[in-house]
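Engineer: Here you go, structure-v4.txt (compact mmCIF, C-alpha atoms and all ligand atoms):
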```txt
# COMPACT_ATOMS: atom_id res chain seq x y z
CA MET A 1 -59.49 -191.27 -130.91
CA THR A 2 -62.39 -190.30 -133.09
CA LYS A 3 -62.73 -190.49 -136.84
CA GLY A 4 -64.67 -188.69 -139.55
CA LEU A 5 -64.42 -185.23 -141.06
CA PHE A 6 -65.98 -183.79 -137.91
CA PRO A 7 -64.88 -186.03 -135.05
CA VAL A 8 -67.51 -186.86 -132.46
CA GLY A 9 -67.40 -188.97 -129.35
CA GLY A 10 -64.02 -189.04 -127.70
CA PRO A 11 -61.32 -186.46 -127.15
CA VAL A 12 -60.26 -184.70 -130.35
CA ASP A 13 -56.77 -184.32 -131.72
CA ARG A 14 -55.00 -181.04 -131.83
CA GLU A 15 -56.08 -180.13 -135.36
CA ASP A 16 -59.74 -180.49 -134.41
CA LEU A 17 -59.48 -178.64 -131.14
CA VAL A 18 -61.41 -175.44 -131.76
CA GLY A 19 -60.92 -172.31 -129.68
CA ARG A 20 -60.12 -172.10 -125.97
CA GLU A 21 -56.59 -171.01 -126.78
CA GLU A 22 -56.25 -168.51 -123.94
CA PHE A 23 -57.65 -171.03 -121.52
CA ILE A 24 -55.15 -173.67 -122.63
CA VAL A 25 -52.26 -171.22 -122.29
CA SER A 26 -53.44 -170.26 -118.84
CA LEU A 27 -53.64 -173.92 -117.77
CA VAL A 28 -50.17 -174.61 -119.11
CA ASN A 29 -48.79 -171.62 -117.20
CA ARG A 30 -50.43 -172.52 -113.93
CA LEU A 31 -49.41 -176.16 -114.04
CA GLN A 32 -45.90 -175.20 -115.04
CA GLU A 33 -45.70 -173.10 -111.90
CA GLY A 34 -46.73 -176.14 -109.91
CA GLN A 35 -50.28 -175.03 -109.27
CA SER A 36 -52.86 -177.80 -109.32
CA VAL A 37 -56.11 -177.14 -111.15
CA MET A 38 -59.58 -178.63 -111.06
CA LEU A 39 -61.94 -178.46 -114.05
CA ALA A 40 -65.50 -179.61 -113.65
CA GLY A 41 -67.99 -179.41 -116.46
CA PRO A 42 -70.95 -181.17 -118.06
CA ARG A 43 -70.56 -184.24 -120.26
CA ARG A 44 -69.20 -183.73 -123.78
CA ILE A 45 -68.12 -180.18 -123.24
CA GLY A 46 -64.50 -180.90 -124.18
CA LYS A 47 -62.71 -181.36 -120.86
CA THR A 48 -60.56 -184.29 -121.89
CA SER A 49 -59.66 -182.73 -125.23
CA VAL A 50 -58.41 -179.57 -123.55
CA ALA A 51 -56.48 -181.55 -120.96
CA HIS A 52 -54.72 -183.68 -123.58
CA GLU A 53 -53.60 -180.58 -125.43
CA VAL A 54 -52.36 -179.01 -122.22
CA LEU A 55 -50.29 -182.10 -121.42
CA ARG A 56 -48.94 -182.20 -124.96
CA ARG A 57 -47.69 -178.63 -124.66
CA LEU A 58 -46.19 -179.30 -121.26
CA ARG A 59 -44.26 -182.25 -122.68
CA GLU A 60 -43.06 -180.02 -125.46
CA LYS A 61 -41.68 -177.72 -122.80
CA GLY A 62 -39.83 -180.60 -121.22
CA ALA A 63 -42.18 -181.62 -118.42
CA TYR A 64 -43.10 -185.20 -117.60
CA THR A 65 -46.80 -185.98 -117.86
CA ALA A 66 -49.14 -188.82 -116.93
CA ALA A 67 -52.85 -189.23 -117.58
CA VAL A 68 -55.23 -191.75 -116.06
CA ASP A 69 -59.00 -192.05 -116.32
CA PHE A 70 -60.89 -193.28 -113.25
CA PHE A 71 -63.83 -194.29 -115.32
CA ARG A 72 -61.91 -197.38 -116.39
CA PHE A 73 -60.72 -198.97 -113.21
CA SER A 74 -62.08 -202.05 -111.55
CA GLY A 75 -59.87 -201.92 -108.49
CA LYS A 76 -56.87 -200.49 -106.68
CA ARG A 77 -54.43 -202.73 -108.44
CA ASP A 78 -55.74 -201.83 -111.82
CA PHE A 79 -55.43 -198.14 -111.03
CA ALA A 80 -51.97 -198.53 -109.53
CA TYR A 81 -50.76 -200.31 -112.66
CA SER A 82 -52.10 -197.56 -114.88
CA LEU A 83 -50.58 -194.76 -112.89
CA ILE A 84 -47.21 -196.49 -112.58
CA ASN A 85 -47.19 -197.26 -116.30
CA ALA A 86 -48.14 -193.71 -117.20
CA CYS A 87 -45.34 -192.36 -115.01
CA LEU A 88 -42.70 -194.77 -116.24
CA GLU A 89 -43.51 -194.13 -119.87
CA ASN A 90 -41.77 -190.78 -119.46
CA ARG A 91 -38.53 -192.64 -118.97
CA THR A 92 -38.85 -195.80 -120.99
CA GLY A 93 -40.97 -194.51 -123.84
CA ILE A 94 -42.97 -197.74 -123.53
CA LYS A 95 -46.66 -197.69 -122.74
CA LYS A 96 -46.91 -200.85 -120.65
CA THR A 97 -43.58 -200.92 -118.92
CA LEU A 98 -44.83 -203.08 -116.04
CA SER A 99 -46.15 -205.86 -118.22
CA ILE A 100 -42.83 -206.05 -119.99
CA LEU A 101 -41.16 -206.40 -116.63
CA GLN A 102 -43.47 -209.26 -115.81
CA ASP A 103 -42.44 -211.01 -118.95
CA LYS A 104 -38.83 -211.54 -118.11
CA ALA A 105 -37.89 -212.89 -121.50
CA LYS A 106 -39.27 -209.86 -123.23
CA ALA A 107 -37.54 -207.51 -120.83
CA LEU A 108 -34.22 -209.23 -121.26
CA SER A 109 -34.49 -209.13 -125.01
CA GLY A 110 -35.05 -205.41 -124.61
CA GLY A 111 -31.55 -205.40 -123.21
CA ALA A 112 -29.98 -204.31 -119.98
CA LYS A 113 -30.75 -200.75 -120.97
CA PHE A 114 -34.32 -201.28 -119.95
CA ALA A 115 -33.57 -202.43 -116.42
CA ILE A 116 -31.07 -199.65 -115.92
CA LYS A 117 -33.67 -197.07 -116.78
CA LEU A 118 -35.72 -198.20 -113.81
CA LYS A 119 -33.10 -199.26 -111.34
CA ASP A 120 -33.11 -196.20 -109.10
CA LEU A 121 -36.88 -196.47 -108.79
CA GLU A 122 -36.59 -199.89 -107.10
CA ILE A 123 -38.56 -201.45 -109.88
CA SER A 124 -37.30 -204.70 -111.32
CA PHE A 125 -38.49 -208.07 -112.58
CA GLY A 126 -41.43 -209.33 -110.58
CA PHE A 127 -41.83 -206.00 -108.84
CA ALA A 128 -45.61 -205.81 -109.12
CA GLU A 129 -46.31 -209.47 -108.28
CA LYS A 130 -44.40 -209.23 -105.04
CA LYS A 131 -46.47 -206.36 -103.74
CA SER A 132 -49.91 -206.35 -102.12
CA ASP A 133 -52.66 -204.16 -103.59
CA ASP A 134 -52.13 -201.54 -100.91
CA GLU A 135 -48.36 -201.47 -101.25
CA LEU A 136 -48.69 -201.10 -104.97
CA LEU A 137 -51.24 -198.32 -104.59
CA ASP A 138 -49.03 -196.38 -102.19
CA TYR A 139 -46.09 -196.79 -104.49
CA ALA A 140 -48.12 -195.55 -107.45
CA LEU A 141 -49.27 -192.49 -105.53
CA MET A 142 -45.70 -191.69 -104.54
CA LEU A 143 -44.14 -192.28 -107.92
CA PRO A 144 -44.88 -188.87 -109.49
CA GLY A 145 -42.95 -187.23 -106.65
CA ILE A 146 -40.10 -189.73 -106.82
CA LEU A 147 -39.74 -189.30 -110.58
CA ALA A 148 -39.85 -185.53 -110.43
CA ASP A 149 -37.18 -185.56 -107.78
CA ARG A 150 -34.83 -188.09 -109.40
CA ASP A 151 -35.02 -186.62 -112.87
CA LYS A 152 -35.22 -182.98 -111.82
CA LYS A 153 -38.37 -182.55 -113.87
CA LEU A 154 -41.72 -180.98 -113.40
CA MET A 155 -44.30 -183.77 -113.38
CA VAL A 156 -47.91 -183.05 -114.32
CA VAL A 157 -50.50 -185.71 -113.59
CA MET A 158 -53.99 -185.59 -115.07
CA PHE A 159 -56.83 -187.49 -113.40
CA ASP A 160 -59.93 -187.78 -115.55
CA GLU A 161 -63.37 -188.43 -114.02
CA PHE A 162 -61.74 -187.94 -110.65
CA GLN A 163 -65.02 -188.09 -108.75
CA ASP A 164 -65.20 -191.79 -109.67
CA ALA A 165 -62.03 -192.67 -107.73
CA PRO A 166 -63.96 -194.22 -104.81
CA ARG A 167 -65.45 -196.76 -107.22
CA MET A 168 -62.21 -198.73 -107.05
CA THR A 169 -62.22 -198.89 -103.25
CA ASP A 170 -64.03 -196.35 -101.04
CA THR A 171 -63.91 -192.65 -100.20
CA GLU A 172 -60.86 -193.19 -97.99
CA ILE A 173 -58.88 -193.18 -101.21
CA PHE A 174 -59.15 -189.39 -101.37
CA LYS A 175 -57.47 -188.97 -97.99
CA ARG A 176 -54.75 -191.33 -98.97
CA MET A 177 -54.10 -189.46 -102.18
CA ARG A 178 -54.02 -186.10 -100.52
CA ALA A 179 -51.57 -187.36 -97.90
CA HIS A 180 -49.17 -188.39 -100.65
CA PHE A 181 -49.73 -185.48 -102.98
CA GLN A 182 -49.26 -182.69 -100.55
CA ALA A 183 -45.80 -183.94 -99.65
CA GLN A 184 -44.65 -183.85 -103.26
CA LYS A 185 -42.49 -181.17 -104.76
CA ASP A 186 -42.47 -180.32 -108.45
CA VAL A 187 -45.67 -182.22 -109.13
CA ALA A 188 -48.85 -180.50 -110.30
CA TYR A 189 -52.21 -182.17 -110.71
CA LEU A 190 -54.96 -181.53 -113.19
CA PHE A 191 -58.26 -182.97 -111.96
CA LEU A 192 -61.20 -183.35 -114.34
CA GLY A 193 -64.72 -184.40 -113.55
CA SER A 194 -68.11 -184.44 -115.19
CA LYS A 195 -70.12 -184.60 -111.97
CA GLU A 196 -69.84 -180.95 -111.08
CA GLY A 197 -71.59 -181.08 -107.74
CA MET A 198 -69.35 -183.84 -106.45
CA MET A 199 -66.22 -182.16 -107.76
CA GLN A 200 -67.13 -178.80 -106.23
CA ALA A 201 -67.82 -180.40 -102.88
CA LEU A 202 -64.61 -182.39 -102.88
CA PHE A 203 -62.47 -179.30 -103.51
CA SER A 204 -64.36 -176.63 -101.66
CA GLU A 205 -65.83 -178.13 -98.52
CA ARG A 206 -63.73 -177.87 -95.43
CA LYS A 207 -64.31 -181.44 -94.34
CA GLU A 208 -63.34 -182.91 -97.70
CA ALA A 209 -59.93 -184.37 -98.45
CA PHE A 210 -59.10 -182.08 -101.35
CA TYR A 211 -60.24 -178.88 -99.69
CA ARG A 212 -58.26 -176.01 -101.24
CA PHE A 213 -55.85 -178.36 -102.94
CA ALA A 214 -56.47 -177.03 -106.44
CA THR A 215 -57.63 -173.88 -108.19
CA MET A 216 -61.09 -174.37 -109.64
CA LEU A 217 -61.57 -172.85 -113.07
CA PRO A 218 -64.68 -172.64 -115.23
CA ILE A 219 -64.33 -174.02 -118.75
CA PRO A 220 -65.05 -171.27 -121.27
CA GLY A 221 -67.30 -171.83 -124.27
CA ILE A 222 -66.09 -171.88 -127.86
CA SER A 223 -66.79 -168.61 -129.61
CA GLU A 224 -68.38 -168.16 -133.00
CA ASP A 225 -65.18 -166.47 -134.18
CA ASP A 226 -63.31 -169.68 -133.52
CA TRP A 227 -65.90 -172.01 -135.00
CA VAL A 228 -66.41 -170.20 -138.31
CA PRO A 229 -62.90 -170.52 -139.81
CA TYR A 230 -62.61 -174.12 -138.61
CA ILE A 231 -65.90 -175.24 -140.13
CA VAL A 232 -65.27 -173.40 -143.41
CA LYS A 233 -61.80 -174.94 -143.68
CA LYS A 234 -63.09 -178.44 -142.98
CA PHE A 235 -65.77 -178.31 -145.65
CA ASN A 236 -63.35 -176.71 -148.09
CA SER A 237 -60.94 -179.57 -147.53
CA ARG A 238 -63.58 -181.78 -149.20
CA ASN A 239 -64.22 -179.25 -151.94
CA ILE A 240 -67.45 -178.11 -150.37
CA GLN A 241 -68.23 -174.41 -150.36
CA VAL A 242 -70.00 -172.74 -147.49
CA ASP A 243 -70.27 -169.05 -146.71
CA ALA A 244 -69.70 -167.57 -143.30
CA ASP A 245 -73.36 -166.65 -142.80
CA MET A 246 -74.43 -170.22 -143.36
CA VAL A 247 -71.85 -171.39 -140.83
CA LYS A 248 -73.19 -168.86 -138.35
CA GLU A 249 -76.62 -170.34 -138.87
CA ILE A 250 -75.21 -173.78 -138.04
CA ILE A 251 -73.62 -172.45 -134.86
CA ARG A 252 -76.83 -170.71 -133.89
CA LEU A 253 -78.72 -174.00 -134.22
CA SER A 254 -76.25 -175.96 -132.12
CA GLY A 255 -75.71 -173.08 -129.72
CA GLY A 256 -71.96 -173.54 -130.20
CA HIS A 257 -72.05 -176.55 -127.88
CA PRO A 258 -68.82 -178.45 -128.66
CA GLN A 259 -70.13 -181.90 -129.39
CA ASP A 260 -73.49 -180.85 -130.83
CA THR A 261 -71.82 -178.42 -133.24
CA MET A 262 -69.46 -181.13 -134.45
CA PHE A 263 -72.32 -183.55 -134.74
CA LEU A 264 -74.51 -181.14 -136.67
CA CYS A 265 -71.68 -180.35 -139.11
CA SER A 266 -71.10 -184.04 -139.52
CA GLU A 267 -74.76 -184.69 -140.41
CA ILE A 268 -74.75 -181.79 -142.87
CA TYR A 269 -71.64 -183.24 -144.44
CA TYR A 270 -73.25 -186.66 -144.90
CA THR A 271 -76.32 -185.01 -146.37
CA LEU A 272 -74.12 -183.40 -149.01
CA LEU A 273 -72.35 -186.65 -149.73
CA GLU A 274 -75.72 -188.20 -150.51
CA THR A 275 -77.04 -185.42 -152.69
CA GLY A 276 -73.69 -184.93 -154.39
CA ASP A 277 -73.92 -181.16 -153.97
CA ASP A 278 -70.86 -179.07 -153.30
CA VAL A 279 -72.36 -175.84 -151.99
CA ILE A 280 -74.15 -175.82 -148.65
CA THR A 281 -77.63 -174.30 -148.72
CA HIS A 282 -80.30 -173.69 -146.09
CA ASP A 283 -81.96 -176.93 -147.14
CA HIS A 284 -78.87 -178.97 -146.36
CA VAL A 285 -78.57 -177.29 -142.99
CA ARG A 286 -82.22 -177.94 -142.19
CA LEU A 287 -81.97 -181.59 -143.23
CA GLY A 288 -78.76 -182.09 -141.32
CA TYR A 289 -80.36 -180.53 -138.28
CA GLU A 290 -83.35 -182.86 -138.45
CA ARG A 291 -81.08 -185.84 -138.71
CA ALA A 292 -78.93 -184.70 -135.85
CA MET A 293 -82.05 -184.23 -133.71
CA LEU A 294 -83.28 -187.68 -134.62
CA ALA A 295 -79.97 -189.21 -133.64
CA LEU A 296 -79.86 -187.28 -130.39
CA ALA A 297 -83.47 -188.06 -129.46
CA PRO A 298 -82.75 -191.29 -127.57
CA ILE A 299 -80.16 -189.50 -125.45
CA PHE A 300 -82.47 -186.59 -124.78
CA ASP A 301 -85.34 -188.95 -123.96
CA GLU A 302 -83.20 -190.70 -121.43
CA ILE A 303 -82.33 -187.42 -119.73
CA LEU A 304 -86.01 -186.47 -119.73
CA ASP A 305 -87.12 -189.80 -118.29
CA ASP A 306 -84.55 -189.52 -115.61
CA LEU A 307 -85.64 -186.01 -114.64
CA SER A 308 -89.36 -186.58 -114.92
CA ALA A 309 -89.44 -188.81 -111.87
CA ARG A 310 -89.43 -185.62 -109.82
CA PRO A 311 -92.58 -183.54 -109.58
CA GLN A 312 -92.68 -180.18 -111.35
CA VAL A 313 -89.44 -180.76 -113.21
CA ARG A 314 -91.05 -181.22 -116.61
CA ARG A 315 -93.10 -178.11 -116.18
CA VAL A 316 -90.16 -176.02 -115.00
CA LEU A 317 -88.08 -177.36 -117.85
CA TYR A 318 -90.71 -176.41 -120.38
CA ARG A 319 -91.09 -172.90 -119.01
CA LEU A 320 -87.34 -172.41 -119.06
CA ALA A 321 -87.16 -173.74 -122.60
CA LEU A 322 -89.79 -171.19 -123.59
CA GLY A 323 -87.67 -168.50 -121.97
CA GLU A 324 -90.34 -167.81 -119.36
CA ASN A 325 -89.97 -167.29 -115.64
CA ALA A 326 -89.95 -170.67 -113.93
CA TYR A 327 -91.82 -169.31 -110.94
CA GLU A 328 -95.53 -169.07 -111.47
CA GLU A 329 -98.67 -168.54 -109.49
CA GLY A 330 -100.23 -171.66 -108.05
CA ILE A 331 -96.98 -173.56 -107.60
CA HIS A 332 -95.11 -173.20 -104.36
CA PRO A 333 -91.77 -171.42 -104.98
CA ASN A 334 -89.93 -174.06 -102.94
CA LYS A 335 -91.02 -176.72 -105.36
CA VAL A 336 -89.81 -174.68 -108.30
CA LYS A 337 -86.55 -174.02 -106.56
CA ARG A 338 -86.00 -177.71 -105.93
CA ALA A 339 -86.66 -178.44 -109.59
CA ILE A 340 -84.18 -175.75 -110.65
CA ASP A 341 -81.57 -177.08 -108.26
CA LEU A 342 -81.97 -180.53 -109.72
CA LEU A 343 -81.56 -179.19 -113.25
CA LEU A 344 -78.47 -177.24 -112.22
CA GLY A 345 -77.06 -180.30 -110.47
CA ARG A 346 -77.56 -182.44 -113.56
CA ALA A 347 -75.93 -179.75 -115.69
CA VAL A 348 -79.01 -179.38 -117.87
CA ILE A 349 -79.07 -175.64 -117.22
CA GLU A 350 -76.55 -173.09 -116.02
CA ARG A 351 -76.98 -169.85 -114.18
CA THR A 352 -75.66 -166.87 -116.10
CA ALA A 353 -73.81 -163.99 -114.50
CA ARG A 354 -77.05 -162.02 -114.61
CA GLY A 355 -78.95 -164.66 -112.67
CA SER A 356 -81.02 -166.12 -115.48
CA TYR A 357 -80.85 -169.71 -116.69
CA VAL A 358 -79.62 -171.03 -120.00
CA PHE A 359 -79.52 -174.55 -121.39
CA VAL A 360 -76.09 -176.16 -121.51
CA GLU A 361 -77.21 -177.89 -124.70
CA PRO A 362 -79.38 -175.60 -126.84
CA MET A 363 -80.42 -178.56 -128.99
CA PHE A 364 -81.90 -180.14 -125.89
CA GLN A 365 -83.86 -176.97 -125.28
CA GLN A 366 -85.16 -177.16 -128.83
CA TYR A 367 -86.02 -180.82 -128.36
CA ILE A 368 -88.09 -180.02 -125.28
CA LEU A 369 -89.99 -177.34 -127.17
CA GLU A 370 -90.77 -179.73 -130.00
CA GLN A 371 -91.80 -182.57 -127.68
CA PHE A 372 -93.92 -180.63 -125.27
CA GLN A 373 -95.82 -178.72 -127.90
CA HIS A 374 -97.56 -181.88 -129.03
N1 LIG B 1 -62.38 -177.72 -128.45
C1 LIG B 1 -63.19 -178.48 -129.19
N2 LIG B 1 -63.32 -178.25 -130.50
C2 LIG B 1 -64.13 -178.97 -131.25
N3 LIG B 1 -64.88 -179.99 -130.81
C3 LIG B 1 -64.80 -180.29 -129.53
C4 LIG B 1 -63.94 -179.56 -128.65
N4 LIG B 1 -64.08 -180.09 -127.44
C5 LIG B 1 -64.96 -181.09 -127.55
N5 LIG B 1 -65.40 -181.24 -128.80
C6 LIG B 1 -66.43 -182.21 -129.28
O1 LIG B 1 -66.97 -182.85 -128.13
C7 LIG B 1 -66.64 -184.24 -128.12
C8 LIG B 1 -66.30 -184.68 -126.71
O2 LIG B 1 -65.07 -184.10 -126.29
P1 LIG B 1 -64.34 -184.57 -124.97
O3 LIG B 1 -64.31 -186.05 -124.90
O4 LIG B 1 -63.07 -183.83 -124.88
O5 LIG B 1 -65.35 -184.00 -123.88
P2 LIG B 1 -65.50 -184.37 -122.34
O6 LIG B 1 -66.04 -183.15 -121.68
O7 LIG B 1 -64.24 -184.93 -121.82
O8 LIG B 1 -66.63 -185.49 -122.43
P3 LIG B 1 -67.00 -186.68 -121.40
O9 LIG B 1 -67.94 -186.08 -120.43
O10 LIG B 1 -67.65 -187.70 -122.27
O11 LIG B 1 -65.73 -187.16 -120.79
C9 LIG B 1 -65.53 -184.40 -129.13
O12 LIG B 1 -65.55 -185.68 -129.74
C10 LIG B 1 -65.85 -183.31 -130.13
O13 LIG B 1 -66.86 -183.72 -131.03
MG MG B 2 -63.83 -186.71 -120.82
```
Rewrite the structure of this file - the entire thing - as structure tokens.

Structural biologist:
Amino acid sequence: MTKGLFPVGGPVDREDLVGREEFIVSLVNRLQEGQSVMLAGPRRIGKTSVAHEVLRRLREKGAYTAAVDFFRFSGKRDFAYSLINACLENRTGIKKTLSILQDKAKALSGGAKFAIKLKDLEISFGFAEKKSDDELLDYALMLPGILADRDKKLMVVMFDEFQDAPRMTDTEIFKRMRAHFQAQKDVAYLFLGSKEGMMQALFSERKEAFYRFATMLPIPGISEDDWVPYIVKKFNSRNIQVDADMVKEIIRLSGGHPQDTMFLCSEIYYTLLETGDDVITHDHVRLGYERAMLALAPIFDEILDDLSARPQVRRVLYRLALGENAYEEGIHPNKVKRAIDLLLGRAVIERTARGSYVFVEPMFQQYILEQFQH
């Protein structure tokens, strides 16, 4: 979890989760009805934060939940352990139930109660060591269904960075998962992924394992109306005054992008700590913005380097940043289209309902304008 007045980096806690209330309610409702959902969205847009809150509310309503992140795993066994542990925690209340089982002394000191809690799941001392990687994996994939059935509970499993699952073995893993999942009753899955193209393909192409397995929903932005009271309250909590118009200026600069807005507020806050002022002025905002840009520059440069290997991309990017039509005389439209497709694929830009393009990260757009003007 993240720290600081304005948390930046990892998933945020409930009190720092701004907006998206209707979306969260809708996710809770769908999952509660047993519908699986897939959310794909660019990096740092707040997918994991939303998902954690959804699971928290589902637990509050009595459901079992489990969350695993595919970004972390080195292999099948590693993944199987995580999923089994996450499932069992619902019963034992202990995070690493399996490792306690491995340590017989520890388990025994925990009392017979512990073993009894797991008995009907055929898990006992030495359970994991006796199984091959594949046996353990199959067991892990079945466990949500077994638990839901035995305990007469709804089980909701969240898989983060789902597109990375093949990293632990190969793409066959998707077929294996689907085979298990579709046989399960009273289990709903929430799939998250930051590689949108891969996620879309996996869930919407006929030949793919997860074809039509989950409802795909777009992640809504965070509105100004939600940001303003949060930001005012946060600054006030440190005895700093800021008026709503100034906060709107901050949101305009960050474009309301979840992480960039938090980051910008954070830099403004540190600026005030240094000057010792307790009322936010335009100057603080400007200084904070410059600092935030400076800190983001290495990340933006990396994205630019990565994109610039392709012809025309820099030019198209610049024209889009200027708000101009990307298609121009003298450059073959196919080339422009390829550049746009690449930018869409990398989630640098998005297509609006009206068919124009906007930057996912308005501060990146601003960065391009500043860089390319020189
Ligand atoms: N609802 C929100 N309210 C306020 N800030 C948010 C919100 N969602 C995300 N953020 C900001 O964005 C950061 C990243 O959030 P989170 O890890 O949930 O995003 P993500 O899409 O899962 O990112 P990644 O692609 O790195 O997995 C948070 O640390 C926070 O600064
Ligand atoms: Mg995430």

Engineer: (-57.7, -189.4, -103.7) in this file's frame - what residues fall within 10 Å of it? Use all atoms listed in the file and give the answer as a JSON list (two decimals) with C-alpha atoms, in the coordinates of the input.

Structural biologist:
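Written file, part22.json:
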```json
[["chain", "number", "residue", "atom", "x", "y", "z"],
["A", 141, "LEU", "CA", -49.27, -192.49, -105.53],
["A", 159, "PHE", "CA", -56.83, -187.49, -113.40],
["A", 162, "PHE", "CA", -61.74, -187.94, -110.65],
["A", 163, "GLN", "CA", -65.02, -188.09, -108.75],
["A", 164, "ASP", "CA", -65.20, -191.79, -109.67],
["A", 165, "ALA", "CA", -62.03, -192.67, -107.73],
["A", 166, "PRO", "CA", -63.96, -194.22, -104.81],
["A", 170, "ASP", "CA", -64.03, -196.35, -101.04],
["A", 171, "THR", "CA", -63.91, -192.65, -100.20],
["A", 172, "GLU", "CA", -60.86, -193.19, -97.99],
["A", 173, "ILE", "CA", -58.88, -193.18, -101.21],
["A", 174, "PHE", "CA", -59.15, -189.39, -101.37],
["A", 175, "LYS", "CA", -57.47, -188.97, -97.99],
["A", 176, "ARG", "CA", -54.75, -191.33, -98.97],
["A", 177, "MET", "CA", -54.10, -189.46, -102.18],
["A", 178, "ARG", "CA", -54.02, -186.10, -100.52],
["A", 179, "ALA", "CA", -51.57, -187.36, -97.90],
["A", 180, "HIS", "CA", -49.17, -188.39, -100.65],
["A", 181, "PHE", "CA", -49.73, -185.48, -102.98],
["A", 202, "LEU", "CA", -64.61, -182.39, -102.88],
["A", 209, "ALA", "CA", -59.93, -184.37, -98.45],
["A", 210, "PHE", "CA", -59.10, -182.08, -101.35]]
```

Engineer: Using all atoms listed in the file, find the one residue out of A:Asp225, A:Asp138, A:Glu129, A:Glu267 that sits nearest to A:Ile84.

Structural biologist: A:Asp138

Engineer: Using the file's own x, y and z axes, what box holds all listed atoms of ligand LIG 1 (chain B) with 4 Å on each side, keeping edges along x, y and z, and what are its centre and edge lengths in Å to one decimal, as JSON?

Structural biologist:
```
{"center_x": -65.2, "center_y": -182.7, "center_z": -125.8, "size_x": 13.6, "size_y": 18.0, "size_z": 18.8}
```

Engineer: Tell me which of A:Ser194, A:Gln35, A:Asn29, A:Thr169 sits closest to ligand MG 2 (chain B), counting all atoms listed in the file.

Structural biologist: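 For ligand MG 2 (chain B), the nearest of the candidates is A:Ser194.
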
Engineer: When you count only C-alpha atoms, which of these residues is closest to A:Gly19: A:Glu53, A:Asp69, A:Asp245, A:Asp306?

Structural biologist: A:Glu53

Engineer: Which one of A:Asp151, A:Asp160, A:Glu370, A:Glu135 sits closest to ligand LIG 1 (chain B) if you count only C-alpha atoms and all ligand atoms?

Structural biologist: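 Between A:Asp151, A:Asp160, A:Glu370, A:Glu135, the residue approaching ligand LIG 1 (chain B) most closely is A:Asp160.
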
Engineer: Please report, as CSV, each residue of chain A lying at most 12 Å from ligand MG 2 (chain B), together with the nearest pair of atoms and the separation in Å rounded to one decimal; use all atoms listed in the file, and order rows by chain and ascending residue number.

Structural biologist:
```
residue,atom,partner,partner_atom,distance
A:Met1,CA,B:MG2,MG,11.9
A:Gly9,CA,B:MG2,MG,9.5
A:Gly10,CA,B:MG2,MG,7.3
A:Pro11,CA,B:MG2,MG,6.8
A:Val12,CA,B:MG2,MG,10.4
A:Leu39,CA,B:MG2,MG,10.8
A:Ala40,CA,B:MG2,MG,10.2
A:Gly41,CA,B:MG2,MG,9.5
A:Pro42,CA,B:MG2,MG,9.4
A:Arg43,CA,B:MG2,MG,7.2
A:Arg44,CA,B:MG2,MG,6.8
A:Ile45,CA,B:MG2,MG,8.2
A:Gly46,CA,B:MG2,MG,6.7
A:Lys47,CA,B:MG2,MG,5.5
A:Thr48,CA,B:MG2,MG,4.2
A:Ser49,CA,B:MG2,MG,7.3
A:Val50,CA,B:MG2,MG,9.4
A:Ala51,CA,B:MG2,MG,9.0
A:His52,CA,B:MG2,MG,10.0
A:Ala67,CA,B:MG2,MG,11.7
A:Val68,CA,B:MG2,MG,11.0
A:Asp69,CA,B:MG2,MG,8.5
A:Phe70,CA,B:MG2,MG,10.4
A:Phe71,CA,B:MG2,MG,9.4
A:Arg72,CA,B:MG2,MG,11.7
A:Met158,CA,B:MG2,MG,11.5
A:Phe159,CA,B:MG2,MG,10.2
A:Asp160,CA,B:MG2,MG,6.6
A:Glu161,CA,B:MG2,MG,7.0
A:Phe162,CA,B:MG2,MG,10.5
A:Phe191,CA,B:MG2,MG,11.1
A:Leu192,CA,B:MG2,MG,7.8
A:Gly193,CA,B:MG2,MG,7.7
A:Ser194,CA,B:MG2,MG,7.4
A:Lys195,CA,B:MG2,MG,11.1
A:Gln259,CA,B:MG2,MG,11.7
```

Engineer: Would you compute the distance between atom CA of A:Glu249 and atom CA of A:Glu274? Give it in Å to one decimal.

Structural biologist: 21.3 Å

Engineer: Can you find the residues with an atom no farther than 7 Å from (-36.2, -194.6, -112.6), counting all atoms listed in the file, and report them as a list in words?

Structural biologist: Lys117, Leu118, Lys119, Asp120, Leu121 and Leu147 of chain A

Engineer: Using all atoms listed in the file, which residue out of A:Lys185, A:Arg206, A:Lys234, A:Arg354 lies closest to ligand LIG 1 (chain B)?

Structural biologist: A:Lys234
